[in-house]
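> I am attaching a structure below and will ask some questions about it afterwards.
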Amino acid sequence: MSQIKQLLLLKKNGVSNRKAADIIGMNKETVNNYMNKVSADSLSLDELIRLDDPILEHRLKGGNPAYSDKRFETFKTLLPYLQEEMKRKHVTLKLLWEEYRNEHPDNHYSLTQFRFHYNQNTEAGKESPSTILADMRTGGEKLFLDFAGDTMGYVDMETGEVVQCQAFVATLPASDYGYILFVRSQRTEDFVYAITQCLKHLGGVPKMLVPDNLKAAVVKTDRYEPSLNRVMEDMANHYGTVIIPARPAHPKDKSNVEGTVRLVYMRVFAELRNETFHSLEELNRAASLKMKAHNQKRMQKHPYTREERFLAVDRPNLMPLPDRDFEIVSYTDLKVSTNCCIYLGRDQHYYTVPYQYISKTAHVAYTRTLVKVYVDGELVATHIRDYNRGKYTIVKEHLASNSREYRGMSAKSYIERAERASGILGNVIRRIFYSSTMPPETHYKTCDGLLNLQRSSDPAVFQKACETALNVDRCSYRFIRSLVESKCAGVGQPTSSFAPPQHCNIRGKSQFK
């Protein structure tokens with residue numbers, strides 16, 4: 001049991017601070033300090049005692065939150081202006097405070113707090129006296145990138161499945177300022193998206209990006225000249241920076257981000273372990289708040305926070321962001337099916353295209369968020385990219401059933417064709433269309449498959465397979481095809497009439513009422 005928990009148990013029993021310090025061998029002032037934190041904590045004494053030892057110690061030892069109110073957010077945006085104004089002759093902090101108070105009459109710091117925050121920023125901007133790894137601590141020079149080894153997930157509202165997500169972590173070594181974003185995978189497009197979001201959050205671009213030797217960034221590892229992914233090179237050129245991957249098997253090359261990953265486990269993963277999320281956006285909002293609180297905690301060995309150090313040292317030295325974000329664009333050519341859809345195999349997802357382009361070849365350009373469909377050089381459809389496999393993204397105006405001009409494809413025409421081929425097949429296809437809530441176009445391929453199966457199968461076997469499908473209400477192409485291939489083996493056989501012998505060990509159904 002930790003000393004802190006022993007202290008709380010003693011206080012619960014009414015022991016004084018001085019007596020508790022003597023019992024557990026702790027300095028009296030330290031005990032007073034802990035009890036002041038306990039008094040200010042939102043949890044009661046009993047609730048704190050029930051916490052696990054690591055969580056309790058982190059809660060009472062993790063430093064104090066710095067400036068989390070809205071006044072500091074406003075003050076933070078004014079810092080560059082204040083610094084420039086203080087370089088001018090005859091300008092004083094009191095004058096700047098009066099101007100600040102007039103501009104924000106309802107939400108401003110007092111003069112004392114205004115001076116304190118300004119001086120804190122000035123203190124954070126001073127050069128560190130340490131000479132260890134001094135080349136790594138130049139403000140705005142490097143941004144270390146990595147993925148955490150552990151994952152967190154959210155519950156898909158439609159399927160109930162837990163979707164595990166990868167944690168992208170970045171840190172600026174000069175200030176130890178951290179950033180986290182959960183993405184679906186470690187693939188190149190997700191990695192690039194995470195980097196672009198990180199740069200937008202920082203408000204600028206460092207001179208160098210230092211990723212690990214992960215496959216999303218490095219094609220061929222080498223101790224001194226690794227071969228970069230072409231997409232990563234394009235991204236670096238877009239932002240005007242360079243990418244220098246860390247050497248393989250040299251974790252000290254990126255020790256700052258390794259340390260940030262460790263802190264992320266404690267201050268994001270651990271604190272959110274009992275939370276349930278229902279979307280990736282919801283998970284990222286919660287993680288962002290935890291990371292903001294981490295960056296605003298007072299550092300143990302310095303009189304300032306990571307955010308203060310970032311604003312003083314890193315932000316002024318970052319290069320400006322370009323006018324638009326970098327985004328990977330992939331291209332493919334797909335045929336528009338009779339159900340008015342193209343099938344994007346990478347996501348195993350269907351997207352509708354206007355019915356006029358059925359059977360034509362579409363040129364598809366897709367990014368992480370959008371899918372654009374071109375036919376004959378003209379943009380004919382734009383969709384939000386959907387990663388749900390086997391699903392449809394439908395625009396009703398694209399479907400042939402909404403137009404009288406296109407009568408070759410409709411539920412009625414398929415039912416008529418099926419009835420001409422076989423009465424039982426007509427019943428099956430009628431069941432498919434009338435029992436579904438999906439648009440009829442989504443069933444056209446199933447109908448084509450059943451019509452083709454009817455032409456190539458033994459009529460008696462096909463008849464029996466369709467009757468079975470109707471009886472068990474499983475009118476799908478795959479189920480009927482499996483029955484035809486097995487020649488309906490086992491279908492229609494009588495169940496066993498075997499009954500166990502009567503003896504005293506059989507209690508009968510009356511015993512279970």
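If you're wondering about the labels, chains in the structure tokens are A, B, ... by order shown, residues count from 1 in each chain, ligands from 1 in order shown.
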Residues at most 10 Å from Ile180 (chain A), counting only C-alpha atoms, excluding those fewer than 3 positions away in the same chain, as a PyMOL selection string?
chain A and resi 146-148+167-171+183+194+197-198+260-261+264+268+284+287-288+290-292
> How would the residues just chosen look if you wrote them out with N, CA and C atoms as an mmCIF file, in the first residue's frame?

data_model
loop_
_atom_site.group_PDB
_atom_site.id
_atom_site.type_symbol
_atom_site.label_atom_id
_atom_site.label_comp_id
_atom_site.auth_asym_id
_atom_site.auth_seq_id
_atom_site.Cartn_x
_atom_site.Cartn_y
_atom_site.Cartn_z
ATOM 1 N N ASP A 146 5.393 9.436 -33.912
ATOM 2 C CA ASP A 146 5.390 7.996 -33.630
ATOM 3 C C ASP A 146 3.956 7.536 -33.393
ATOM 4 N N PHE A 147 3.758 6.216 -33.434
ATOM 5 C CA PHE A 147 2.496 5.609 -33.025
ATOM 6 C C PHE A 147 2.703 4.894 -31.697
ATOM 7 N N ALA A 148 1.748 5.052 -30.789
ATOM 8 C CA ALA A 148 1.810 4.320 -29.528
ATOM 9 C C ALA A 148 1.578 2.837 -29.792
ATOM 10 N N ALA A 167 -3.035 5.256 -32.022
ATOM 11 C CA ALA A 167 -2.780 6.563 -31.398
ATOM 12 C C ALA A 167 -1.521 7.182 -32.010
ATOM 13 N N PHE A 168 -1.702 8.244 -32.805
ATOM 14 C CA PHE A 168 -0.594 9.019 -33.355
ATOM 15 C C PHE A 168 -0.152 10.038 -32.308
ATOM 16 N N VAL A 169 1.145 10.060 -32.027
ATOM 17 C CA VAL A 169 1.690 10.954 -30.997
ATOM 18 C C VAL A 169 2.822 11.773 -31.606
ATOM 19 N N ALA A 170 2.835 13.071 -31.311
ATOM 20 C CA ALA A 170 3.903 13.954 -31.787
ATOM 21 C C ALA A 170 4.349 14.848 -30.635
ATOM 22 N N THR A 171 5.608 15.272 -30.687
ATOM 23 C CA THR A 171 6.116 16.161 -29.637
ATOM 24 C C THR A 171 7.200 17.069 -30.193
ATOM 25 N N VAL A 183 -6.407 7.509 -35.173
ATOM 26 C CA VAL A 183 -6.766 7.255 -36.572
ATOM 27 C C VAL A 183 -7.080 5.775 -36.727
ATOM 28 N N ALA A 194 -2.875 12.471 -40.063
ATOM 29 C CA ALA A 194 -2.541 12.818 -38.683
ATOM 30 C C ALA A 194 -1.489 13.931 -38.635
ATOM 31 N N GLN A 197 -3.126 17.306 -39.530
ATOM 32 C CA GLN A 197 -3.927 17.820 -38.416
ATOM 33 C C GLN A 197 -3.039 18.338 -37.287
ATOM 34 N N CYS A 198 -1.912 17.672 -37.064
ATOM 35 C CA CYS A 198 -0.973 18.115 -36.032
ATOM 36 C C CYS A 198 -0.383 19.485 -36.387
ATOM 37 N N THR A 260 6.865 11.056 -24.359
ATOM 38 C CA THR A 260 5.501 11.545 -24.493
ATOM 39 C C THR A 260 4.507 10.398 -24.592
ATOM 40 N N VAL A 261 4.887 9.322 -25.301
ATOM 41 C CA VAL A 261 4.022 8.139 -25.387
ATOM 42 C C VAL A 261 3.768 7.575 -23.989
ATOM 43 N N VAL A 264 1.347 9.780 -22.341
ATOM 44 C CA VAL A 264 0.022 9.599 -22.944
ATOM 45 C C VAL A 264 -0.678 8.394 -22.337
ATOM 46 N N VAL A 268 -3.850 9.923 -20.708
ATOM 47 C CA VAL A 268 -4.953 9.790 -21.666
ATOM 48 C C VAL A 268 -5.561 8.398 -21.569
ATOM 49 N N ASN A 284 -11.624 11.222 -30.159
ATOM 50 C CA ASN A 284 -10.589 12.250 -30.329
ATOM 51 C C ASN A 284 -10.884 13.505 -29.511
ATOM 52 N N ALA A 287 -9.755 12.641 -25.976
ATOM 53 C CA ALA A 287 -8.294 12.559 -25.897
ATOM 54 C C ALA A 287 -7.666 13.949 -26.000
ATOM 55 N N SER A 288 -8.251 14.821 -26.829
ATOM 56 C CA SER A 288 -7.719 16.178 -26.983
ATOM 57 C C SER A 288 -7.818 16.972 -25.682
ATOM 58 N N LYS A 290 -7.823 15.717 -22.628
ATOM 59 C CA LYS A 290 -6.836 15.170 -21.693
ATOM 60 C C LYS A 290 -5.430 15.655 -22.046
ATOM 61 N N MET A 291 -5.132 15.717 -23.351
ATOM 62 C CA MET A 291 -3.801 16.166 -23.769
ATOM 63 C C MET A 291 -3.611 17.652 -23.485
ATOM 64 N N LYS A 292 -4.686 18.425 -23.626
ATOM 65 C CA LYS A 292 -4.601 19.850 -23.300
ATOM 66 C C LYS A 292 -4.314 20.050 -21.820
#
> Give me the residues within 10 Å of Tyr357 (chain A) as a PDB file with N, CA and C atoms, in the first residue's frame, counting only C-alpha atoms and dropping any in the same chain fewer than 2 places off.

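The file below, part10.pdb, is the result:
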ATOM      1  N   LYS A 335     -16.315   0.363 -63.543  1.00  0.00           N
ATOM      2  CA  LYS A 335     -17.489   0.317 -64.415  1.00  0.00           C
ATOM      3  C   LYS A 335     -18.752   0.543 -63.587  1.00  0.00           C
ATOM      4  N   VAL A 336     -19.666   1.352 -64.118  1.00  0.00           N
ATOM      5  CA  VAL A 336     -20.937   1.608 -63.449  1.00  0.00           C
ATOM      6  C   VAL A 336     -21.862   0.418 -63.689  1.00  0.00           C
ATOM      7  N   SER A 337     -22.264  -0.264 -62.630  1.00  0.00           N
ATOM      8  CA  SER A 337     -23.076  -1.475 -62.749  1.00  0.00           C
ATOM      9  C   SER A 337     -24.530  -1.144 -63.034  1.00  0.00           C
ATOM     10  N   THR A 338     -25.301  -2.178 -63.318  1.00  0.00           N
ATOM     11  CA  THR A 338     -26.717  -1.992 -63.615  1.00  0.00           C
ATOM     12  C   THR A 338     -27.511  -1.523 -62.400  1.00  0.00           C
ATOM     13  N   CYS A 340     -26.651   1.019 -60.762  1.00  0.00           N
ATOM     14  CA  CYS A 340     -26.285   2.450 -60.687  1.00  0.00           C
ATOM     15  C   CYS A 340     -25.177   2.701 -59.672  1.00  0.00           C
ATOM     16  N   CYS A 341     -24.324   1.739 -59.404  1.00  0.00           N
ATOM     17  CA  CYS A 341     -23.270   1.890 -58.396  1.00  0.00           C
ATOM     18  C   CYS A 341     -21.908   1.528 -58.965  1.00  0.00           C
ATOM     19  N   VAL A 353     -24.091   6.308 -58.841  1.00  0.00           N
ATOM     20  CA  VAL A 353     -23.759   7.183 -59.965  1.00  0.00           C
ATOM     21  C   VAL A 353     -25.058   7.401 -60.740  1.00  0.00           C
ATOM     22  N   PRO A 354     -25.313   8.569 -61.326  1.00  0.00           N
ATOM     23  CA  PRO A 354     -26.549   8.776 -62.089  1.00  0.00           C
ATOM     24  C   PRO A 354     -26.795   7.665 -63.106  1.00  0.00           C
ATOM     25  N   TYR A 355     -28.057   7.238 -63.219  1.00  0.00           N
ATOM     26  CA  TYR A 355     -28.421   6.061 -64.011  1.00  0.00           C
ATOM     27  C   TYR A 355     -28.054   6.216 -65.483  1.00  0.00           C
ATOM     28  N   SER A 359     -23.120   1.107 -67.305  1.00  0.00           N
ATOM     29  CA  SER A 359     -22.253   0.369 -68.243  1.00  0.00           C
ATOM     30  C   SER A 359     -21.077   1.193 -68.750  1.00  0.00           C
ATOM     31  N   LYS A 360     -20.983   2.471 -68.371  1.00  0.00           N
ATOM     32  CA  LYS A 360     -19.835   3.267 -68.780  1.00  0.00           C
ATOM     33  C   LYS A 360     -18.708   3.130 -67.757  1.00  0.00           C
ATOM     34  N   THR A 361     -17.496   3.443 -68.202  1.00  0.00           N
ATOM     35  CA  THR A 361     -16.343   3.395 -67.309  1.00  0.00           C
ATOM     36  C   THR A 361     -16.147   4.754 -66.644  1.00  0.00           C
ATOM     37  N   ALA A 362     -16.115   4.750 -65.329  1.00  0.00           N
ATOM     38  CA  ALA A 362     -15.964   5.989 -64.559  1.00  0.00           C
ATOM     39  C   ALA A 362     -14.536   6.108 -64.048  1.00  0.00           C
ATOM     40  N   VAL A 375     -17.067  10.932 -65.482  1.00  0.00           N
ATOM     41  CA  VAL A 375     -17.379  10.169 -66.692  1.00  0.00           C
ATOM     42  C   VAL A 375     -17.194  11.100 -67.885  1.00  0.00           C
ATOM     43  N   ASP A 376     -16.373  10.680 -68.836  1.00  0.00           N
ATOM     44  CA  ASP A 376     -16.077  11.491 -70.024  1.00  0.00           C
ATOM     45  C   ASP A 376     -15.576  12.883 -69.642  1.00  0.00           C
ATOM     46  N   VAL A 380     -19.625  13.788 -62.179  1.00  0.00           N
ATOM     47  CA  VAL A 380     -21.040  13.410 -62.152  1.00  0.00           C
ATOM     48  C   VAL A 380     -21.529  13.044 -60.760  1.00  0.00           C
ATOM     49  N   HIS A 398     -29.913   9.537 -58.162  1.00  0.00           N
ATOM     50  CA  HIS A 398     -29.069   8.776 -59.096  1.00  0.00           C
ATOM     51  C   HIS A 398     -29.743   7.502 -59.582  1.00  0.00           C
TER      52      HIS A 398
END
> Within 8 Å of region 89-101 of chain A, counting only C-alpha atoms, which residues qualify if same-chain residues fewer than 4 places away don't, as JSON, numbers by chain?
{"A": [82, 85, 105, 108, 109, 111, 114, 115]}
> May I have the selected residues written with N, CA and C atoms, as an mmCIF file, in the first residue's frame?

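Generated file (part_22.cif):
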data_model
loop_
_atom_site.group_PDB
_atom_site.id
_atom_site.type_symbol
_atom_site.label_atom_id
_atom_site.label_comp_id
_atom_site.auth_asym_id
_atom_site.auth_seq_id
_atom_site.Cartn_x
_atom_site.Cartn_y
_atom_site.Cartn_z
ATOM 1 N N LEU A 82 2.129 41.517 -27.194
ATOM 2 C CA LEU A 82 2.673 42.099 -25.962
ATOM 3 C C LEU A 82 4.191 42.124 -25.982
ATOM 4 N N GLU A 85 5.338 44.912 -28.294
ATOM 5 C CA GLU A 85 5.074 46.229 -27.731
ATOM 6 C C GLU A 85 6.046 46.564 -26.604
ATOM 7 N N PRO A 105 -13.604 43.971 -21.244
ATOM 8 C CA PRO A 105 -14.088 44.476 -19.938
ATOM 9 C C PRO A 105 -14.742 43.411 -19.069
ATOM 10 N N HIS A 108 -11.297 39.555 -18.064
ATOM 11 C CA HIS A 108 -9.893 39.923 -18.111
ATOM 12 C C HIS A 108 -9.207 39.603 -16.780
ATOM 13 N N TYR A 109 -7.870 39.537 -16.844
ATOM 14 C CA TYR A 109 -7.058 39.325 -15.646
ATOM 15 C C TYR A 109 -6.887 40.640 -14.891
ATOM 16 N N LEU A 111 -4.333 43.210 -12.793
ATOM 17 C CA LEU A 111 -2.972 43.636 -13.138
ATOM 18 C C LEU A 111 -1.939 42.658 -12.602
ATOM 19 N N PHE A 114 -2.017 39.555 -14.726
ATOM 20 C CA PHE A 114 -1.500 39.911 -16.050
ATOM 21 C C PHE A 114 0.030 39.922 -16.047
ATOM 22 N N ARG A 115 0.611 40.544 -15.040
ATOM 23 C CA ARG A 115 2.073 40.571 -14.923
ATOM 24 C C ARG A 115 2.627 39.169 -14.690
#
> From the list A:Leu202, A:Leu470, A:Ile432, A:Met157, which residue is nearest Tyr177 (chain A) when using only C-alpha atoms?
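Closest to Tyr177 (chain A) of all the choices is A:Leu202.
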> Quote the spacing between CA of Gly449 (chain A) and CA of Ile342 (chain A) in Å to one decimal place.
17.6 Å
> When distances are computed from only C-alpha atoms, which of A:Lys391, A:His278, A:Arg262, A:Arg420 shows the smallest separation from Gly160 (chain A)?
A:His278
> With only C-alpha atoms as the atoms that count, which of A:Ile424, A:Thr138, A:Leu143, A:Asp473 lies nearest to Ala460 (chain A)?
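When distances to Ala460 (chain A) are compared using only C-alpha atoms, the smallest one comes from A:Ile424.
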> Pull the strand (DSSP E) assignments for region 253-442 of chain A out of DSSP run on the backbone, and list those residues as number ranges by chain.
A: 330-335, 341-344, 349-352, 361-366, 370-375, 378-384, 392-393
> Skip Leu51 (chain A) itself and residues of its chain fewer than 6 positions away, then list as a PyMOL selection string all residues within 10 Å of it, counting only C-alpha atoms.
chain A and resi 5+57+59
> In Å, how far is it from CA of Ala421 (chain A) to CA of Ser486 (chain A)?
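Distance reported for this atom pair: 22.1 Å.
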> Name the closest residue to Thr241 (chain A) among the candidates A:Gly259, A:Pro206, A:Pro322, A:Gly490; distances are taken between atoms, counting only C-alpha atoms.
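Looking only at the distances to Thr241 (chain A), the closest residue turns out to be A:Pro206.
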> What is the CA of Glu141 (chain A)-CA of Arg230 (chain A) distance in Å, reported with one decimal?
22.9 Å
> Compile the contact shell of Leu8 (chain A) as a list in words: residues with an atom at most 9 Å away, counting only C-alpha atoms, same-chain residues fewer than 5 positions apart removed.
Gln3, Asn13, Met35, Val38, Leu45, Asp46, Leu48 and Ile49 of chain A
> Tell me, counting only C-alpha atoms, for each residue of region 327-358 of chain A within 12 Å of region 190-193 of chain A, which pair of atoms is nearest and how far apart they are in Å to one decimal, in rows ordered by chain and increasing number, as a Markdown table.

| residue | atom | partner | partner_atom | distance |
| --- | --- | --- | --- | --- |
| A:Glu327 | CA | A:Tyr193 | CA | 7.3 |
| A:Ile328 | CA | A:Val192 | CA | 8.0 |
| A:Val329 | CA | A:Val192 | CA | 11.7 |
> List every residue of region 248-455 of chain A that DSSP, applied to the backbone, labels as helix (DSSP H, G or I), and write the result as a PyMOL selection string.
chain A and resi 251-269+280-295+306-317+355-357+396-398+400-402+411-421+423-434+440-455
> Now that the selection is made, can you save its residues with C-alpha atoms as a short mmCIF file (atom, residue, chain, number, x, y, z; two decimals), in the first residue's frame?

data_model
loop_
_atom_site.label_atom_id
_atom_site.label_comp_id
_atom_site.auth_asym_id
_atom_site.auth_seq_id
_atom_site.Cartn_x
_atom_site.Cartn_y
_atom_site.Cartn_z
CA PRO A 251 15.24 4.79 -29.61
CA LYS A 252 17.42 7.61 -28.22
CA ASP A 253 17.13 9.34 -31.61
CA LYS A 254 13.50 10.10 -30.68
CA SER A 255 13.62 9.84 -26.90
CA ASN A 256 11.32 12.85 -26.49
CA VAL A 257 8.40 11.24 -28.29
CA GLU A 258 9.01 7.94 -26.48
CA GLY A 259 8.66 9.86 -23.23
CA THR A 260 5.50 11.54 -24.49
CA VAL A 261 4.02 8.14 -25.39
CA ARG A 262 4.66 7.03 -21.80
CA LEU A 263 2.90 10.13 -20.48
CA VAL A 264 0.02 9.60 -22.94
CA TYR A 265 -0.52 6.15 -21.46
CA MET A 266 -0.83 7.67 -17.98
CA ARG A 267 -2.75 10.85 -18.74
CA VAL A 268 -4.95 9.79 -21.67
CA PHE A 269 -5.27 6.00 -21.82
CA LEU A 280 -13.84 8.21 -33.73
CA GLU A 281 -14.66 11.92 -33.44
CA GLU A 282 -15.98 11.42 -29.90
CA LEU A 283 -12.83 9.51 -28.92
CA ASN A 284 -10.59 12.25 -30.33
CA ARG A 285 -12.49 15.02 -28.53
CA ALA A 286 -11.97 13.29 -25.18
CA ALA A 287 -8.29 12.56 -25.90
CA SER A 288 -7.72 16.18 -26.98
CA LEU A 289 -9.08 17.51 -23.69
CA LYS A 290 -6.84 15.17 -21.69
CA MET A 291 -3.80 16.17 -23.77
CA LYS A 292 -4.60 19.85 -23.30
CA ALA A 293 -4.73 19.33 -19.54
CA HIS A 294 -1.34 17.56 -19.74
CA ASN A 295 0.24 20.44 -21.66
CA ARG A 306 4.66 22.88 -21.68
CA GLU A 307 2.14 25.19 -23.33
CA GLU A 308 3.90 28.30 -22.01
CA ARG A 309 7.24 27.00 -23.24
CA PHE A 310 5.70 26.15 -26.64
CA LEU A 311 4.25 29.64 -27.04
CA ALA A 312 7.55 31.26 -26.06
CA VAL A 313 10.09 29.05 -27.87
CA ASP A 314 8.47 26.89 -30.56
CA ARG A 315 5.58 28.89 -32.01
CA PRO A 316 7.65 31.98 -33.03
CA ASN A 317 10.13 29.75 -34.92
CA TYR A 355 -28.42 6.06 -64.01
CA GLN A 356 -27.56 7.65 -67.40
CA TYR A 357 -24.00 6.34 -67.04
CA LYS A 396 -31.87 8.72 -54.56
CA GLU A 397 -31.77 11.03 -57.58
CA HIS A 398 -29.07 8.78 -59.10
CA ALA A 400 -33.12 4.52 -62.25
CA SER A 401 -36.31 3.80 -60.30
CA ASN A 402 -36.77 7.57 -59.85
CA ALA A 411 -38.18 -4.27 -59.80
CA LYS A 412 -41.22 -4.88 -62.02
CA SER A 413 -39.11 -5.82 -65.04
CA TYR A 414 -37.02 -8.29 -63.00
CA ILE A 415 -40.15 -9.92 -61.54
CA GLU A 416 -41.65 -10.28 -65.04
CA ARG A 417 -38.46 -11.83 -66.42
CA ALA A 418 -38.29 -14.25 -63.48
CA GLU A 419 -41.92 -15.33 -63.87
CA ARG A 420 -41.38 -16.04 -67.57
CA ALA A 421 -38.44 -18.27 -66.65
CA GLY A 423 -43.00 -19.29 -61.45
CA ILE A 424 -41.18 -20.17 -58.25
CA LEU A 425 -38.27 -17.87 -59.21
CA GLY A 426 -40.79 -15.05 -59.66
CA ASN A 427 -41.97 -15.61 -56.08
CA VAL A 428 -38.38 -15.54 -54.79
CA ILE A 429 -37.52 -12.26 -56.54
CA ARG A 430 -40.82 -10.72 -55.48
CA ARG A 431 -39.94 -11.62 -51.88
CA ILE A 432 -36.49 -10.04 -52.29
CA PHE A 433 -37.87 -6.70 -53.45
CA TYR A 434 -40.94 -6.44 -51.23
CA PRO A 440 -34.46 -1.80 -55.56
CA GLU A 441 -31.19 -1.06 -57.38
CA THR A 442 -29.23 -2.70 -54.58
CA HIS A 443 -30.86 -6.07 -55.45
CA TYR A 444 -30.28 -6.04 -59.21
CA LYS A 445 -27.07 -8.06 -59.00
CA THR A 446 -28.77 -10.69 -56.84
CA CYS A 447 -31.55 -10.99 -59.43
CA ASP A 448 -29.05 -11.27 -62.29
CA GLY A 449 -27.28 -14.04 -60.42
CA LEU A 450 -30.50 -15.98 -59.76
CA LEU A 451 -31.61 -15.69 -63.41
CA ASN A 452 -28.26 -17.00 -64.55
CA LEU A 453 -28.38 -19.80 -61.97
CA GLN A 454 -31.85 -20.84 -63.18
CA ARG A 455 -30.61 -21.17 -66.77
#
> Set the distance at 9 Å and use only C-alpha atoms: which residues neighbour Ile480 (chain A) once local chain neighbours fewer than 5 positions away are removed? I'd like the list as a PDB file with C-alpha atoms, in the first residue's frame.

ATOM      1  CA  LEU A 450     -30.502 -15.978 -59.763  1.00  0.00           C
ATOM      2  CA  PHE A 462     -33.679 -25.360 -58.699  1.00  0.00           C
ATOM      3  CA  ALA A 465     -34.013 -24.947 -53.722  1.00  0.00           C
ATOM      4  CA  CYS A 466     -36.362 -21.980 -54.274  1.00  0.00           C
ATOM      5  CA  THR A 468     -36.758 -24.214 -49.396  1.00  0.00           C
ATOM      6  CA  ALA A 469     -35.524 -20.601 -49.522  1.00  0.00           C
ATOM      7  CA  ARG A 474     -33.596 -16.898 -46.837  1.00  0.00           C
ATOM      8  CA  CYS A 475     -34.026 -15.637 -50.388  1.00  0.00           C
ATOM      9  CA  GLU A 485     -24.665 -27.206 -55.665  1.00  0.00           C
TER      10      GLU A 485
END
